[in-house]
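Inspection log for the structure reproduced underneath, given as structure tokens.
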Amino acid sequence: MTLLDRRGSPAYAPPVPKRAPGRLRTWVRDLALGVRFAAAGGREGWIRTLLTAVGVGLGVTLLFFAASVPRLIDARAEREGARAVAEAADGAPVPRSDTTLVWINAGTEYRGSTIGGQLLRPDGARPPLPPGVAKVPGPGEMVVSPALRTLLDSSGGALLKERLGHRVTGTIAGAGLLDPEELRFYAGSDTLTTAKGGHRTAGYGSVVGPSPISPYVIVLIVLICVVLLMPVAIFIATAVRFGGDRRDRRLAALRLVGADIAMTRRIAAGEALFGAALGLLLGSALFLTARPLTGGVRLWNLSAFPADLVPERALVALIVTAVPVAAVVVTLVALRSVTIEPLGVVREARPRRRQLWWRLLMPVVGVTVLSTVGTVGEATAVDPYPIAAGAVLVLVGLTTLLPWLVEAVVARLTGGPVPWQLAARRLQLSGGSASRAVIGITAAVAGAIAVQMMFAGMHEDFVRPTGQDPTRANITVQASYGSGRLAQAMTDGFRGTQGVTAAVAVAESYVVRPGPVAPHEIQPTTTLTVGTCATLRELAELPSCEDGDAFVSHIPGRKEQNDWVDETARPGKPVDLGTRTANGVRAPSLWTLPASARTVEARTDPVGRENDGILATPGALDPSRMPDALTTATIRIDERVADAEEYVRNTAATLDPTMRVITPRAVERDRQYASVQTGLLAGGTATMALIAASMLVSQIEQLRERRRLLSVLVAFGTRRSTLAWSVLWQTAIPVALGTLLAIAGGLTLGAVLLNMVAKPVADWWVFAPFAGAGIAMILLVTAAGLPPLWRMTRPDGLRSE
């Protein structure tokens with residue numbers, strides 16, 4: 001009923017209820033209030049916010065660098081294609097003109113570093129220019145990369161400077177280099193010809209298409225991306241929870257003045273959002289600050305131009321969106337297990353026992369997903385998403401298992417020295433905080449163990465025997481043309497080189513028996529070696545020798561192989577030296593083995609080889625008639641002589657700068673496999689550094705929250721060394737448990753992945769280095785946390801406001 005006054009107007013009307021604000025408006029209001037509390041929370045609030053910002057900023061910096069990798073790869077491929085020598089579309093020789101030049105690769109190695117280079121001889125006044133080069137250097141001149149110039153000017157580059165021998169007249173600009181630390185040169189020549197192995201070109205620049213990637217390499221790349229980025233995401237999620245205990249006490253005060261539980265959680269999310277936003281700004285600033293410095297840093301033979309480190313826009317948008325959202329979500333999820341009342345936080349009472357079943361479910365589901373992928377083979381089309389999803393589930397499952405494991409173990413720790421008791425009691429009261437600091441290590445170590453198991457299991461697929469025997473000849477030197485005069489000069493020159501104990505140089509090629517062969521038969525083939533009588537006597541037992549003689553060499557005791565040699569080496573019959581092009585016509589080059597050729601027995605030469613086939617002197621056959629001949633020297637060096645290999649390279653450059661110097665290796669690594677392994681080392685280094693920073697920031701945050709307690713202990717006579725040992729044990733116990741869990745999970749994940757690619761487990765002990773890394777990280781973080789500990793245990797820490 002409505003009451004009326006004397007004028008008939010309502011004397012009283014029930015209040016019209018105000019429309020409740022919308023859900024979105026409520027969220028925005030409470031998040032903004034949390035941001036205000038974080039920004040105006042005094043010194044304590046700002047310290048907490050800065051800790052969160054530093055943690056998030058470090059993770060964001062690494063994510064920005066990771067988001068720059070696609071652009072970095074594209075830029076490197078563009079530079080490589082721009083400086084690749086252009087060839088005719090049909091593969092035909094390029095005709096000589098005023099706009100062509102003759103080139104040949106003249107790269108070398110120096111004390112383990114690869115130095116790329118080319119010799120150039122212009123055909124006219126308008127030759128094509130390599131990228132980054134303003135002018136083709138003249139004879140005796142060269143242009144070099146900045147890094148090579150620095151090396152040549154240093155005291156350690158004296159031998160290399162003597163080898164190259166050219167006068168530096170210019171610098172290669174960045175457009176002609178793959179990275180700023182690349183060692184490269186272009187040198188001029190007036191003697192280079194196509195007959196001496198040179199190639200004619202009309203320009204630079206070609207499309208370098210991507211090589212097909214092995215399915216095994218795809219599996220490795222997917223796994224490495226998960227292993228390297230998972231700890232970063234975990235680190236960011238951990239950073240937004242720094243200062244959780246103090247935050248919860250503030251939220252209890254908010255409940256006292258009338259805020260409900262949902263509102264307090266949204267306010268807490270707003271505080272975390274502010275720290276994450278500052279972390280984004282800090283991470284962007286760190287990325288922009290570190291970006292110009294990357295050109296002078298070379299890790300695992302990797303470097304980059306700062307201009308190439310441009311994050312992909314889509315990935316930047318994802319990072320900028322995901323980090324604040326993750327901060328809000330992580331905070332809300334963390335507060336679900338906390339009951340905040342007006343007079344306190346229930347979490348300070350005995351915590352509820354953690355459930356185990358759902359923590360075990362995640363790795364089990366991950367293993368199941370990986371098992372459904374099937375067997376991956378050389379010709380299998382690989383779907384990366386199930387592999388990534390399965391690996392993520394296994395690693396996330398391990399991180400959720402760690403808090404339960406730490407809680408279950410520390411609950412049973414009793415007795416022991418005072419530092420041990422202090423550490424055990426602290427872990428029993430706040431095992432969750434200690435576990436969060438170690439979660440990143442658990443994920444990283446487990447993933448690294450799985451990756452290393454994959455590398456060990458796939459080793460044989462990517463590391464192939466070369467057939468070379470390093471114990472016989474340390475070095476092989478080759479010129480791409482046959483020359484008896486050069487062979488003799490190589491023999492004399494290398495035998496007089498410091499550190500060389502034996503050298504044999506010959507012109508050699510493969511020859512075949514001319515004429516048709518029946519289907520399913522192999523054309524008879526053998527080797528043809530041309531050298532002086534003195535050289536041939538070192539290769540076989542010769543009864544006599546004069547210039548013009550030829551021989552057929554058999555290896556004693558190898559009848560089947562000797563019979564195969566005789567199929568081609570028939571005295572008085574021709575052999576095909578190879579195809580020669582004359583006036584545009586390709587025709588076989590035939591040479592008749594003299595009828596006087598005698599059969600001799602091969603002997604072990606000075607470098608440990610047995611040479612069979614046809615042996616001829618220059619008078620019987622001029623090596624220049626052999627189209628596919630190589631002039632080769634095999635050399636044994638004294639490993640005790642420092643820089644013996646460099647002396648050999650210098651002699652080779654003096655004889656002919658176009659010669660290749662090859663160090664025999666028993667195995668050869670696949671380039672894709674090697675580059676993936678290099679990327680793992682570089683990324684793993686950054687991730688482990690980030691984890692160490694995470695542990696240090698977390699430890700400082702925990703020490704800051706316990707400052708008054710630590711000061712009280714010192715005031716009552718507790719020695720600081722006792723507190724330092726307790727801090728060490730507080731770090732060591734969770735890390736040890738996390739490492740054990742990571743070893744078990746990593747071995748399981750690695751075994752499942754190897755089963756997926758049908759490879760056996762090659763090594764069950766790959767976890768040993770990672771256990772050592774965990775111990776080293778414990779000591780490093782504890783040592784770095786001691787100065788804050790000494791500072792926080794001063795008597796003024798007892799003050800309270």
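Labels for the structure tokens follow display order: chains A, B, ..., residues from 1 in each chain, ligands from 1.
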
> What residues in stretch 320-542 of chain A get the DSSP label alpha helix (DSSP H)? Please answer as a PyMOL selection string.
Replying inline: chain A and resi 320-335+357-371+384-410+418-429+431-462+484-495+533-537

Go through A:Ala262, A:Ala620, A:Leu159, A:Val552 and flag the residue nearest A:Arg598, using only C-alpha atoms for the distances.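 Closest to A:Arg598 of all the choices is A:Val552.
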
Note to self: Can you measure atom CA of A:Trp765 to atom CA of A:Met453 for me? One decimal in Å is fine.
What the structure shows: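 Calculated distance between atom CA of A:Trp765 and atom CA of A:Met453 is 9.1 Å.
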
Using only C-alpha atoms, which protein or nucleic acid residues come within 6 Å of A:Ala84? Drop anything in the same chain fewer than 6 positions from it, and give the result as a compact mmCIF listing (two decimals) with N, CA, C and O atoms, in the first residue's frame.
```
# COMPACT_ATOMS: atom_id res chain seq x y z
N TYR A 204 75.37 -13.65 -59.78
CA TYR A 204 75.13 -14.26 -58.48
C TYR A 204 73.65 -14.18 -58.16
O TYR A 204 72.95 -13.26 -58.59
N GLY A 205 73.19 -15.13 -57.40
CA GLY A 205 71.80 -15.12 -56.97
C GLY A 205 71.03 -16.27 -57.58
O GLY A 205 70.92 -16.38 -58.79
N SER A 206 70.54 -17.14 -56.73
CA SER A 206 69.70 -18.25 -57.17
C SER A 206 68.81 -18.63 -56.01
O SER A 206 69.07 -18.29 -54.86
```

In stretch 484-523 of chain A, DSSP strand (DSSP E) residues written as a ChimeraX atom specification: /A:500-512

Who sits within 10 Å of A:Ile73, only C-alpha atoms, same chain under 6 positions skipped, as a count of residues only:
3

For a quick check of understanding, using only C-alpha atoms, which of A:Gly415, A:Pro594, A:Gly531, A:Pro543 has the smallest distance to A:Asp622?
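Among the listed residues, the smallest separation from A:Asp622 belongs to A:Gly531.
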
Report as an MDAnalysis selection string all protein, DNA and RNA residues lying within 6 Å of stretch 225-234 of chain A, evaluated on only C-alpha atoms, omitting residues in the same chain fewer than 4 positions from it. chainID A and resid 59 440 444 447

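Minimum atom-to-atom distances from A:Thr400, A:Cys533, A:Gly197, A:Val144 to A:Gly132 were compared using only C-alpha atoms, and the lowest value belongs to A:Val144.
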
Using only C-alpha atoms, the best pick from A:Arg495, A:Pro788, A:Thr399, A:Tyr385 as closest to A:Val222 would be A:Tyr385

Any chance you could tabulate, as a tab-separated table, the residues of stretch 166-208 of chain A at most 12 Å from stretch 147-151 of chain A with each one's nearest atom pair and distance in Å to one decimal, using only C-alpha atoms, in chain and rising number order?
```
residue	atom	partner	partner_atom	distance
A:Arg167	CA	A:Arg149	CA	11.0
A:Val168	CA	A:Arg149	CA	8.1
A:Thr169	CA	A:Arg149	CA	10.5
A:Gly170	CA	A:Arg149	CA	9.5
A:Thr171	CA	A:Arg149	CA	8.0
A:Ile172	CA	A:Leu148	CA	9.9
A:Ala173	CA	A:Ala147	CA	11.3
A:Gly174	CA	A:Ala147	CA	11.3
A:Leu177	CA	A:Ala147	CA	10.5
A:Asp179	CA	A:Ala147	CA	10.0
A:Pro180	CA	A:Ala147	CA	7.2
A:Glu181	CA	A:Ala147	CA	5.4
A:Glu182	CA	A:Ala147	CA	6.4
A:Leu183	CA	A:Leu148	CA	4.9
A:Arg184	CA	A:Leu148	CA	6.5
A:Phe185	CA	A:Leu148	CA	7.8
A:Tyr186	CA	A:Leu148	CA	11.4
```

When you look at stretch 644-661 of chain A with a cut-off of 6 Å (counting only C-alpha atoms), what residues show up, excluding the ones that are within fewer than 3 positions of it in the same chain? I need them as an NGL selection string. :A and (106 or 163 or 476-479 or 499 or 641)

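Each of A:Ser284, A:Ser624, A:Thr526, A:Thr782 was compared to A:Thr61 using only C-alpha atoms, and A:Ser284 turns out to be the nearest.
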
For A:Asp547, please output as a list in words all residues within 9 Å (counting only C-alpha atoms; exclusion window: fewer than 4 positions along the same chain).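 Here the qualifying residues turn out to be Thr532, Cys533, Ala616, Thr617, Pro618, Gly619 and Ala620 of chain A.
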